[in-house]
Amino acid sequence: MCGIVGYIGIEPAVPVLMAGLEKLEYRGYDSAGISVCTDGIYTVKTKGGLSDLAKKIEQVTLPEATLGIGHTRWATHGVPSDVNSHPHVSQDGKISLVHNGIIENYLELKAELTEKGYRFLSETDTEIAAQLFASLYDGDMVATLRRMLQKIRGAYAFGIICSDHPDCLLAVRKDSPLLVGLGKNENFIASDIPALLEHTRDYYLLEDNEIVLLKQDGASVFDLEGRPVQKEVFHVTWDFSAAQKEGYDYFMMKEIMEQPRALLKTISPRMTQNGISLDGIGLTEEMISSLRRIHIVACGSAWHAGVVGRYVIEKLTRIPVEVDIASEFRYREPIFGENELCIIISQSGETADTLAALREAKRNGVRVLSIVNVVGSSIARESDDVLYTWAGPEIAVATTKGYTTQLAVLYLIALYFAKAKGTLSAQEEQTYLQELEKMPAKTESFLKNCGFLKGLAKQYAKREDFFIIGRGIDYAAAMESSLKLKEISYIHSEAYAAGELKHGTISLIEEGTPVIAIATQESLFEKLLSNIKEVKARGAKVIAIAKEGNRAIEDVADEVIYIPEAPDLLTASYNVLPMQVFAYHVAVARGCNVDKPRNLAKSVTVE
Ligand code: G6P
């Protein structure tokens with residue numbers, strides 16, 4: 001989703017802005033632009049990628065500015081085009097502004113401004129903000145922004161420059177991420193840390209409606225009333241290499257291979273002599289024992305992790321669990337009751353729908369426990385309790401280590417709750433704990449030996465439809481597997497509950513239709529074999545995913561991929577691995593841009 005960078009300092013701004021935007025490319029975008037400021041505002045913007053922008057910049061002579069803003073746009077209001085790209089400049093040419101988010105009352109504001117004689121060039125909501133700022137401008141940038149925010153409804157992160165103030169960069173955020181990077185003789189704004197890392201590791205996290213005025217030698221933060229706000233300086237602890245490809249062709253493969261380490265970092269600090277310890281959560285044993293229901297809410301792959309979580313938590317704790325897609329949750333007026341818990345799952349911690357669901361739960365007095373990867377993100381900050389997935393930065397749009405570490409945390413929660421509720425015998429608990437400890441090593445051993453998947457992927461790379469079937473947890477895993485294939489290879493695929501296929505969808509199976517059958521649940525194995533036979537009888541080509549011990553599957557499937565032996569409840573962590581690797585190689589074979597699939601964004605900050 002849209003990426004913002006801003007720079008004020010002593011270096012030429014253009015290369016800093018371009019390098020920063022490059023680091024935000026992973027968020028997904030369809031156009032880009034920059035404005036720099038000296039004696040006036042100079043803007044270059046274009047539909048397309050950063051290379052198109054670089055070419056356009058070469059063709060014009062931009063002044064040697066040390067102040068500027070840049071943007072990568074993911075279209076919402078208006079098609080990707082040069083004119084709809086950001087920055088947007090006010091009619092008088094004084095103000096340039098970049099925006100991430102959606103201004104909900106933009107039509108109303110547009111009508112007011114049109115009445116006052118303002119004319120608009122683009123179809124965007126953002127241009128309204130640039131013109132509105134200009135219409136309210138009285139020489140004081142901070143005061144003008146405060147007045148503007150009283151008129152705007154919606155979500156925003158804004159970066160603003162003004163030709164009257166070539167020594168100032170102004171920014172604010174609400175419901176859209178924005179960080180302030182603090183350097184020496186230079187300061188920055190950025191949507192995410194990778195854009196800052198080349199210059200500084202110190203940053204402020206802006207809270208909603210905090211305004212920041214950056215100068216070359218400092219950054220002052222104000223609240224909506226204009227009162228100064230003291231901010232805590234955070235320090236990025238992760239390694240710079242985490243945001244580099246380090247020899248891999250794509251971040252996605254690097255991140256797939258990082259899963260053993262990410263799992264180790266997520267699981268092992270939470271394993272103690274006395275069982276699981278969940279750092280920093282305030283839920284008491286008494287609260288857990290009296291839980292009547294759990295709501296899990298998330299989007300995309302995080303929702304898929306939630307679906308697995310439901311099976312595991314219900315089975316181990318006997319607490320009823322409901323799983324919702326965040327964008328649906330709020331609008332179905334969910335019924336909340338006493339002694340309920342909401343588990344919010346989000347890699348980025350910034351997904352707008354998920355954040356809105358969190359707020360809905362809290363508004364209804366429900367305690368929120370979140371599973372988040374990005375430290376200090378909005379979801380982490382607004383939750384009652386946070387359990388971090390220590391996956392490190394995930395750059396590829398398609399999540400891999402984000403998802404498998406979310407599963408790991410869900411297992412930890414299920415086991416912790418089961419112990420508090422007394423629903424698990426000491427021996428069962430031990431077995432699961434040992435299995436969790438072995439998970440990083442087993443993951444590593446699978447990933448080391450999965451080279452054969454490249455050949456398999458090549459064989460299937462030209463197919464246009466896949467079915468992925470499974471039962472129980474394998475069905476949940478099928479959904480995530482199908483999403484991986486769709487996202488990065490653009491192959492249509494459907495995840496189906498294997499037993500449901502015969503109620504309509506089996507009519508789509510014909511000679512040669514590829515069906516991936518995930519068959520790792522012991523209790524459902526025989527049933528799944530029957531489902532495989534049903535599709536085979538109609539000509540399907542079946543690739544099965546099964547546990548190492550279940551060789552019987554070779555009699556019915558055309559190809560078998562074996563995953564490590566594990567208790568049924570933990571298999572989702574393993575059966576997604578071959579599908580991550582398979583989808584990756586299929587996408588590469590089809591010439592797709594694996595890390596930045598078309599139309600997708602890593603962090604979806606609009607509803
Ligand atoms: C986007 C990403 C998905 C991700 C989903 C939820 O659609 O492309 O990979 O699963 O958002 O993101 P979150 O950061 O909340 O886990």
# chains A, B, ... in the order shown; residues from 1 in each chain; ligands from 1
$ closest_atom_pairs --of "chain A" --to "ligand 1" --cutoff "7 Å" --atoms "only C-alpha atoms and all ligand atoms" --output "CSV"
residue,atom,partner,partner_atom_place_in_ligand_line,distance
A:Ala298,CA,ligand 1,15 (O),6.4
A:Cys299,CA,ligand 1,6 (C),4.6
A:Gly300,CA,ligand 1,10 (O),3.9
A:Ser301,CA,ligand 1,10 (O),3.7
A:Ala302,CA,ligand 1,16 (O),4.9
A:Ile345,CA,ligand 1,16 (O),6.4
A:Ser346,CA,ligand 1,16 (O),3.4
A:Gln347,CA,ligand 1,16 (O),3.6
A:Ser348,CA,ligand 1,14 (O),3.5
A:Gly349,CA,ligand 1,14 (O),5.6
A:Glu350,CA,ligand 1,14 (O),6.2
A:Thr351,CA,ligand 1,15 (O),4.6
A:Thr354,CA,ligand 1,15 (O),6.4
A:Val397,CA,ligand 1,8 (O),5.1
A:Ala398,CA,ligand 1,9 (O),4.7
A:Thr399,CA,ligand 1,9 (O),4.7
A:Leu600,CA,ligand 1,8 (O),5.9
A:Ala601,CA,ligand 1,8 (O),5.2
A:Lys602,CA,ligand 1,8 (O),4.3
A:Ser603,CA,ligand 1,14 (O),5.4
A:Val604,CA,ligand 1,11 (O),5.5
$ residues_around --residues "region 5-11 of chain A" --least-positions-apart "6" --cutoff "8 Å" --atoms "only C-alpha atoms" --output "compact mmCIF listing (two decimals) with all heavy atoms, in the first residue's frame"
# COMPACT_ATOMS: atom_id res chain seq x y z
N LEU A 17 15.39 10.31 -1.40
CA LEU A 17 13.97 9.98 -1.57
C LEU A 17 13.83 8.73 -2.44
O LEU A 17 13.05 7.82 -2.12
CB LEU A 17 13.21 11.14 -2.22
CG LEU A 17 13.13 12.43 -1.41
CD1 LEU A 17 12.49 13.54 -2.24
CD2 LEU A 17 12.32 12.22 -0.12
N GLY A 20 14.81 5.65 -0.54
CA GLY A 20 13.78 5.35 0.47
C GLY A 20 12.56 4.70 -0.19
O GLY A 20 12.02 3.71 0.32
N LEU A 21 12.16 5.25 -1.33
CA LEU A 21 10.98 4.69 -2.02
C LEU A 21 11.26 3.26 -2.46
O LEU A 21 10.38 2.39 -2.41
CB LEU A 21 10.60 5.55 -3.23
CG LEU A 21 9.99 6.92 -2.91
CD1 LEU A 21 9.69 7.69 -4.19
CD2 LEU A 21 8.70 6.78 -2.08
N THR A 66 17.54 20.12 -0.57
CA THR A 66 17.83 19.25 0.57
C THR A 66 16.54 18.97 1.37
O THR A 66 16.59 18.51 2.50
CB THR A 66 18.88 19.89 1.50
OG1 THR A 66 18.41 21.18 1.86
CG2 THR A 66 20.23 19.98 0.83
N LEU A 67 15.41 19.29 0.75
CA LEU A 67 14.10 19.02 1.35
C LEU A 67 13.20 18.40 0.28
O LEU A 67 13.16 18.90 -0.85
CB LEU A 67 13.46 20.34 1.84
CG LEU A 67 11.96 20.31 2.16
CD1 LEU A 67 11.68 19.40 3.35
CD2 LEU A 67 11.44 21.71 2.46
N GLY A 68 12.53 17.33 0.64
CA GLY A 68 11.61 16.75 -0.34
C GLY A 68 10.73 15.67 0.25
O GLY A 68 10.94 15.19 1.37
N ILE A 69 9.68 15.33 -0.52
CA ILE A 69 8.79 14.23 -0.13
C ILE A 69 8.64 13.29 -1.32
O ILE A 69 8.76 13.72 -2.47
CB ILE A 69 7.39 14.74 0.33
CG1 ILE A 69 6.82 15.74 -0.68
CG2 ILE A 69 7.45 15.33 1.72
CD1 ILE A 69 5.43 16.27 -0.33
N GLY A 70 8.39 12.03 -1.05
CA GLY A 70 8.22 11.04 -2.12
C GLY A 70 7.11 10.08 -1.77
O GLY A 70 6.73 9.93 -0.60
N HIS A 71 6.62 9.41 -2.80
CA HIS A 71 5.43 8.58 -2.58
C HIS A 71 5.36 7.46 -3.60
O HIS A 71 5.69 7.64 -4.76
CB HIS A 71 4.19 9.49 -2.75
CG HIS A 71 2.91 8.87 -2.31
ND1 HIS A 71 2.08 8.21 -3.18
CD2 HIS A 71 2.30 8.83 -1.10
CE1 HIS A 71 1.00 7.79 -2.51
NE2 HIS A 71 1.12 8.15 -1.25
N GLY A 159 2.57 13.84 4.38
CA GLY A 159 3.85 14.54 4.39
C GLY A 159 3.62 15.81 3.58
O GLY A 159 3.07 15.74 2.47
N ASP A 167 12.75 25.24 4.92
CA ASP A 167 13.48 24.60 6.03
C ASP A 167 12.55 23.74 6.88
O ASP A 167 12.90 23.37 8.00
CB ASP A 167 14.14 25.67 6.91
CG ASP A 167 13.11 26.64 7.49
OD1 ASP A 167 11.97 26.69 6.93
OD2 ASP A 167 13.41 27.31 8.48
N CYS A 168 11.36 23.39 6.37
CA CYS A 168 10.38 22.64 7.19
C CYS A 168 9.76 21.49 6.42
O CYS A 168 9.38 21.63 5.26
CB CYS A 168 9.23 23.56 7.60
SG CYS A 168 9.68 24.83 8.75
N LEU A 169 9.60 20.38 7.12
CA LEU A 169 8.86 19.24 6.60
C LEU A 169 7.81 18.90 7.65
O LEU A 169 8.14 18.71 8.82
CB LEU A 169 9.82 18.05 6.37
CG LEU A 169 9.22 16.67 6.13
CD1 LEU A 169 8.34 16.67 4.89
CD2 LEU A 169 10.35 15.65 5.93
N ASN A 185 21.93 16.09 11.68
CA ASN A 185 21.77 17.12 10.65
C ASN A 185 20.80 16.70 9.56
O ASN A 185 20.86 17.23 8.44
CB ASN A 185 23.11 17.47 9.99
CG ASN A 185 23.86 18.45 10.83
OD1 ASN A 185 23.25 19.28 11.50
ND2 ASN A 185 25.17 18.33 10.82
N GLU A 186 19.99 15.73 9.82
CA GLU A 186 18.99 15.32 8.84
C GLU A 186 17.90 14.53 9.56
O GLU A 186 18.15 13.84 10.55
CB GLU A 186 19.62 14.45 7.73
CG GLU A 186 20.41 13.26 8.25
CD GLU A 186 21.05 12.45 7.14
OE1 GLU A 186 21.00 12.88 5.97
OE2 GLU A 186 21.59 11.38 7.44
N ASN A 187 16.69 14.69 9.07
CA ASN A 187 15.55 13.98 9.65
C ASN A 187 14.64 13.48 8.53
O ASN A 187 14.69 14.00 7.41
CB ASN A 187 14.82 14.88 10.63
CG ASN A 187 15.67 15.14 11.87
OD1 ASN A 187 16.01 14.23 12.61
ND2 ASN A 187 16.07 16.40 12.06
N PHE A 188 13.82 12.51 8.88
CA PHE A 188 13.08 11.78 7.85
C PHE A 188 11.66 11.47 8.31
O PHE A 188 11.40 11.36 9.51
CB PHE A 188 13.74 10.40 7.60
CG PHE A 188 15.20 10.46 7.35
CD1 PHE A 188 16.12 10.57 8.41
CD2 PHE A 188 15.69 10.42 6.05
CE1 PHE A 188 17.48 10.62 8.17
CE2 PHE A 188 17.06 10.48 5.81
CZ PHE A 188 17.96 10.59 6.87
N ILE A 189 10.79 11.26 7.34
CA ILE A 189 9.55 10.55 7.64
C ILE A 189 9.50 9.34 6.71
O ILE A 189 10.06 9.38 5.60
CB ILE A 189 8.28 11.42 7.44
CG1 ILE A 189 8.25 12.06 6.04
CG2 ILE A 189 8.14 12.46 8.54
CD1 ILE A 189 6.91 12.70 5.68
N ALA A 190 8.86 8.27 7.16
CA ALA A 190 8.75 7.07 6.31
C ALA A 190 7.61 6.20 6.81
O ALA A 190 7.30 6.19 7.99
CB ALA A 190 10.06 6.28 6.34
N SER A 191 7.03 5.47 5.87
CA SER A 191 5.95 4.55 6.24
C SER A 191 6.47 3.33 6.97
O SER A 191 5.71 2.66 7.67
CB SER A 191 5.20 4.07 5.00
OG SER A 191 4.68 5.15 4.31
N ALA A 195 13.01 2.02 4.99
CA ALA A 195 13.33 3.26 4.28
C ALA A 195 14.25 4.17 5.08
O ALA A 195 14.85 5.09 4.55
CB ALA A 195 12.04 4.01 3.93
N LEU A 214 9.51 18.80 11.14
CA LEU A 214 10.92 18.42 11.07
C LEU A 214 11.73 19.56 10.47
O LEU A 214 11.30 20.19 9.48
CB LEU A 214 11.11 17.19 10.20
CG LEU A 214 10.49 15.90 10.70
CD1 LEU A 214 9.18 15.63 10.01
CD2 LEU A 214 11.42 14.74 10.47
N LYS A 215 12.87 19.81 11.08
CA LYS A 215 13.84 20.73 10.50
C LYS A 215 15.13 19.93 10.36
O LYS A 215 15.22 18.80 10.83
CB LYS A 215 14.03 21.93 11.40
CG LYS A 215 12.71 22.68 11.60
CD LYS A 215 12.93 24.15 11.85
CE LYS A 215 11.60 24.84 11.82
NZ LYS A 215 11.68 26.25 11.83
N GLN A 216 16.13 20.56 9.76
CA GLN A 216 17.40 19.85 9.58
C GLN A 216 17.98 19.38 10.92
O GLN A 216 18.54 18.31 11.04
CB GLN A 216 18.37 20.80 8.88
CG GLN A 216 19.74 20.24 8.64
CD GLN A 216 20.71 21.38 8.52
OE1 GLN A 216 20.47 22.35 7.79
NE2 GLN A 216 21.82 21.29 9.24
N ASP A 217 17.78 20.20 11.96
CA ASP A 217 18.43 19.90 13.23
C ASP A 217 17.49 19.39 14.32
O ASP A 217 17.85 19.37 15.49
CB ASP A 217 19.18 21.15 13.73
CG ASP A 217 18.24 22.34 13.87
OD1 ASP A 217 17.04 22.17 13.55
OD2 ASP A 217 18.69 23.41 14.28
$ residues_around --residues "Gly275 (chain A)" --least-positions-apart "6" --cutoff "9 Å" --atoms "only C-alpha atoms" --output "list in words"
Tyr416, Lys419, Glu429, Gln430 and Leu433 of chain A
$ write_last_selection --atoms "C-alpha atoms" --output "PDB file, in the first residue's frame"
ATOM      1  CA  TYR A 416      -1.049 -22.343  27.848  1.00  0.00           C
ATOM      2  CA  LYS A 419      -2.938 -26.009  31.107  1.00  0.00           C
ATOM      3  CA  GLU A 429       1.298 -31.510  27.300  1.00  0.00           C
ATOM      4  CA  GLN A 430       4.821 -32.940  27.309  1.00  0.00           C
ATOM      5  CA  LEU A 433       5.963 -29.197  24.111  1.00  0.00           C
TER       6      LEU A 433
END
$ residues_around --residues "region 589-593 of chain A" --least-positions-apart "2" --cutoff "12 Å" --atoms "only C-alpha atoms" --output "JSON, numbers by chain"
{"A": [25, 26, 28, 249, 250, 251, 252, 396, 397, 398, 454, 455, 456, 457, 458, 459, 460, 461, 462, 463, 464, 485, 486, 487, 488, 489, 490, 491, 582, 583, 584, 585, 586, 587, 595, 596, 597, 598, 599, 600]}
$ write_last_selection --atoms "C-alpha atoms" --output "PDB file, in the first residue's frame"
ATOM      1  CA  GLU A  25       8.420  -0.904  -3.050  1.00  0.00           C
ATOM      2  CA  TYR A  26       7.491  -4.135  -1.291  1.00  0.00           C
ATOM      3  CA  GLY A  28       2.870  -2.658  -3.536  1.00  0.00           C
ATOM      4  CA  ASP A 249      16.844 -13.794  -6.147  1.00  0.00           C
ATOM      5  CA  TYR A 250      13.785 -12.791  -4.170  1.00  0.00           C
ATOM      6  CA  PHE A 251      12.980 -11.866  -0.587  1.00  0.00           C
ATOM      7  CA  MET A 252      10.300 -14.548  -0.606  1.00  0.00           C
ATOM      8  CA  ALA A 396       7.932 -10.116   0.218  1.00  0.00           C
ATOM      9  CA  VAL A 397       4.246  -9.356  -0.181  1.00  0.00           C
ATOM     10  CA  ALA A 398       3.312 -13.025   0.148  1.00  0.00           C
ATOM     11  CA  LYS A 454      11.459 -26.909  -8.487  1.00  0.00           C
ATOM     12  CA  GLY A 455      11.114 -29.677 -11.093  1.00  0.00           C
ATOM     13  CA  LEU A 456       7.560 -30.406 -10.041  1.00  0.00           C
ATOM     14  CA  ALA A 457       6.703 -26.716 -10.248  1.00  0.00           C
ATOM     15  CA  LYS A 458       8.104 -26.523 -13.791  1.00  0.00           C
ATOM     16  CA  GLN A 459       5.842 -29.395 -14.862  1.00  0.00           C
ATOM     17  CA  TYR A 460       2.773 -27.563 -13.611  1.00  0.00           C
ATOM     18  CA  ALA A 461       3.735 -23.965 -14.328  1.00  0.00           C
ATOM     19  CA  LYS A 462       1.575 -23.680 -17.425  1.00  0.00           C
ATOM     20  CA  ARG A 463      -1.636 -24.885 -15.780  1.00  0.00           C
ATOM     21  CA  GLU A 464      -4.313 -22.275 -15.184  1.00  0.00           C
ATOM     22  CA  LEU A 485      -0.309 -19.881  -5.533  1.00  0.00           C
ATOM     23  CA  LYS A 486      -2.835 -17.207  -6.498  1.00  0.00           C
ATOM     24  CA  GLU A 487      -0.916 -14.264  -5.074  1.00  0.00           C
ATOM     25  CA  ILE A 488       2.407 -14.796  -6.735  1.00  0.00           C
ATOM     26  CA  SER A 489       1.809 -16.954  -9.833  1.00  0.00           C
ATOM     27  CA  TYR A 490      -1.648 -15.576 -10.803  1.00  0.00           C
ATOM     28  CA  ILE A 491      -2.864 -19.129 -11.314  1.00  0.00           C
ATOM     29  CA  PHE A 582       6.034 -24.881  -5.043  1.00  0.00           C
ATOM     30  CA  ALA A 583       4.174 -21.572  -5.515  1.00  0.00           C
ATOM     31  CA  TYR A 584       7.501 -19.721  -5.538  1.00  0.00           C
ATOM     32  CA  HIS A 585       8.993 -21.882  -8.299  1.00  0.00           C
ATOM     33  CA  VAL A 586       5.788 -21.832 -10.343  1.00  0.00           C
ATOM     34  CA  ALA A 587       5.802 -18.021 -10.146  1.00  0.00           C
ATOM     35  CA  ASP A 595       8.123 -10.213  -4.266  1.00  0.00           C
ATOM     36  CA  LYS A 596       5.782  -7.610  -5.689  1.00  0.00           C
ATOM     37  CA  PRO A 597       2.794  -9.311  -7.243  1.00  0.00           C
ATOM     38  CA  ARG A 598       0.496  -7.167  -9.348  1.00  0.00           C
ATOM     39  CA  ASN A 599      -2.329  -5.326  -7.553  1.00  0.00           C
ATOM     40  CA  LEU A 600      -1.246  -6.486  -4.087  1.00  0.00           C
TER      41      LEU A 600
END
$ residues_around --residues "Gly392 (chain A)" --least-positions-apart "3" --cutoff "10 Å" --atoms "only C-alpha atoms" --output "list in words"
Trp238, Asp239, Ala242, Ala243, Glu255, Glu258, Arg261, Ala262, Lys265, Asn373, Val374, Val375, Thr389, Ile395, Lys401 and Gly402 of chain A
$ closest_residue --among "A:Ala420, A:Ile103, A:Ala129, A:Val515" --to "Phe466 (chain A)" --atoms "only C-alpha atoms"
A:Val515
$ select_by_dssp --residues "region 234-311 of chain A" --states "alpha helix (DSSP H)" --output "JSON, numbers by chain"
{"A": [251, 252, 253, 254, 255, 256, 257, 259, 260, 261, 262, 263, 264, 265, 266, 267, 285, 286, 287, 288, 289, 300, 301, 302, 303, 304, 305, 306, 307, 308, 309, 310, 311]}
$ write_last_selection --atoms "C-alpha atoms" --output "mmCIF file, in the first residue's frame"
data_model
loop_
_atom_site.group_PDB
_atom_site.id
_atom_site.type_symbol
_atom_site.label_atom_id
_atom_site.label_comp_id
_atom_site.auth_asym_id
_atom_site.auth_seq_id
_atom_site.Cartn_x
_atom_site.Cartn_y
_atom_site.Cartn_z
ATOM 1 C CA PHE A 251 12.980 -11.866 -0.587
ATOM 2 C CA MET A 252 10.300 -14.548 -0.606
ATOM 3 C CA MET A 253 12.809 -17.398 -0.889
ATOM 4 C CA LYS A 254 15.066 -15.749 1.685
ATOM 5 C CA GLU A 255 12.113 -15.508 4.056
ATOM 6 C CA ILE A 256 11.018 -19.104 3.400
ATOM 7 C CA MET A 257 14.530 -20.199 4.352
ATOM 8 C CA GLN A 259 11.566 -19.901 8.924
ATOM 9 C CA PRO A 260 13.584 -22.267 11.132
ATOM 10 C CA ARG A 261 15.288 -19.320 12.822
ATOM 11 C CA ALA A 262 12.099 -17.290 13.069
ATOM 12 C CA LEU A 263 10.346 -20.250 14.696
ATOM 13 C CA LEU A 264 13.201 -20.767 17.105
ATOM 14 C CA LYS A 265 13.120 -17.106 18.144
ATOM 15 C CA THR A 266 9.344 -17.221 18.544
ATOM 16 C CA ILE A 267 9.099 -20.507 20.406
ATOM 17 C CA GLU A 285 -5.357 -18.242 35.140
ATOM 18 C CA GLU A 286 -8.720 -17.333 36.567
ATOM 19 C CA MET A 287 -9.602 -15.237 33.527
ATOM 20 C CA ILE A 288 -8.565 -18.054 31.202
ATOM 21 C CA SER A 289 -10.546 -20.659 33.150
ATOM 22 C CA GLY A 300 -5.549 -12.780 4.489
ATOM 23 C CA SER A 301 -2.971 -15.302 5.610
ATOM 24 C CA ALA A 302 -3.336 -14.142 9.198
ATOM 25 C CA TRP A 303 -6.990 -15.188 8.949
ATOM 26 C CA HIS A 304 -5.871 -18.568 7.628
ATOM 27 C CA ALA A 305 -3.623 -18.901 10.662
ATOM 28 C CA GLY A 306 -6.699 -18.059 12.739
ATOM 29 C CA VAL A 307 -8.672 -20.859 11.099
ATOM 30 C CA VAL A 308 -5.942 -23.326 12.098
ATOM 31 C CA GLY A 309 -5.938 -21.722 15.538
ATOM 32 C CA ARG A 310 -9.637 -22.448 15.961
ATOM 33 C CA TYR A 311 -9.104 -26.191 15.443
#
$ residues_around --residues "Arg153 (chain A)" --least-positions-apart "5" --cutoff "12 Å" --atoms "only C-alpha atoms" --output "number ranges by chain"
A: 101-109, 125, 129, 148, 174-175, 209
$ select_by_dssp --residues "region 355-421 of chain A" --states "strand (DSSP E or B)" --output "list of chain:residue names"
A:Arg367, A:Val368, A:Leu369, A:Ser370, A:Ile371, A:Val372, A:Asp385, A:Val386, A:Leu387, A:Tyr388
$ residues_around --residues "Leu145 (chain A)" --least-positions-apart "5" --cutoff "12 Å" --atoms "only C-alpha atoms" --output "ChimeraX atom specification"
/A:95,97,129-140,150-152,158-162,170-173,209-213,222-226
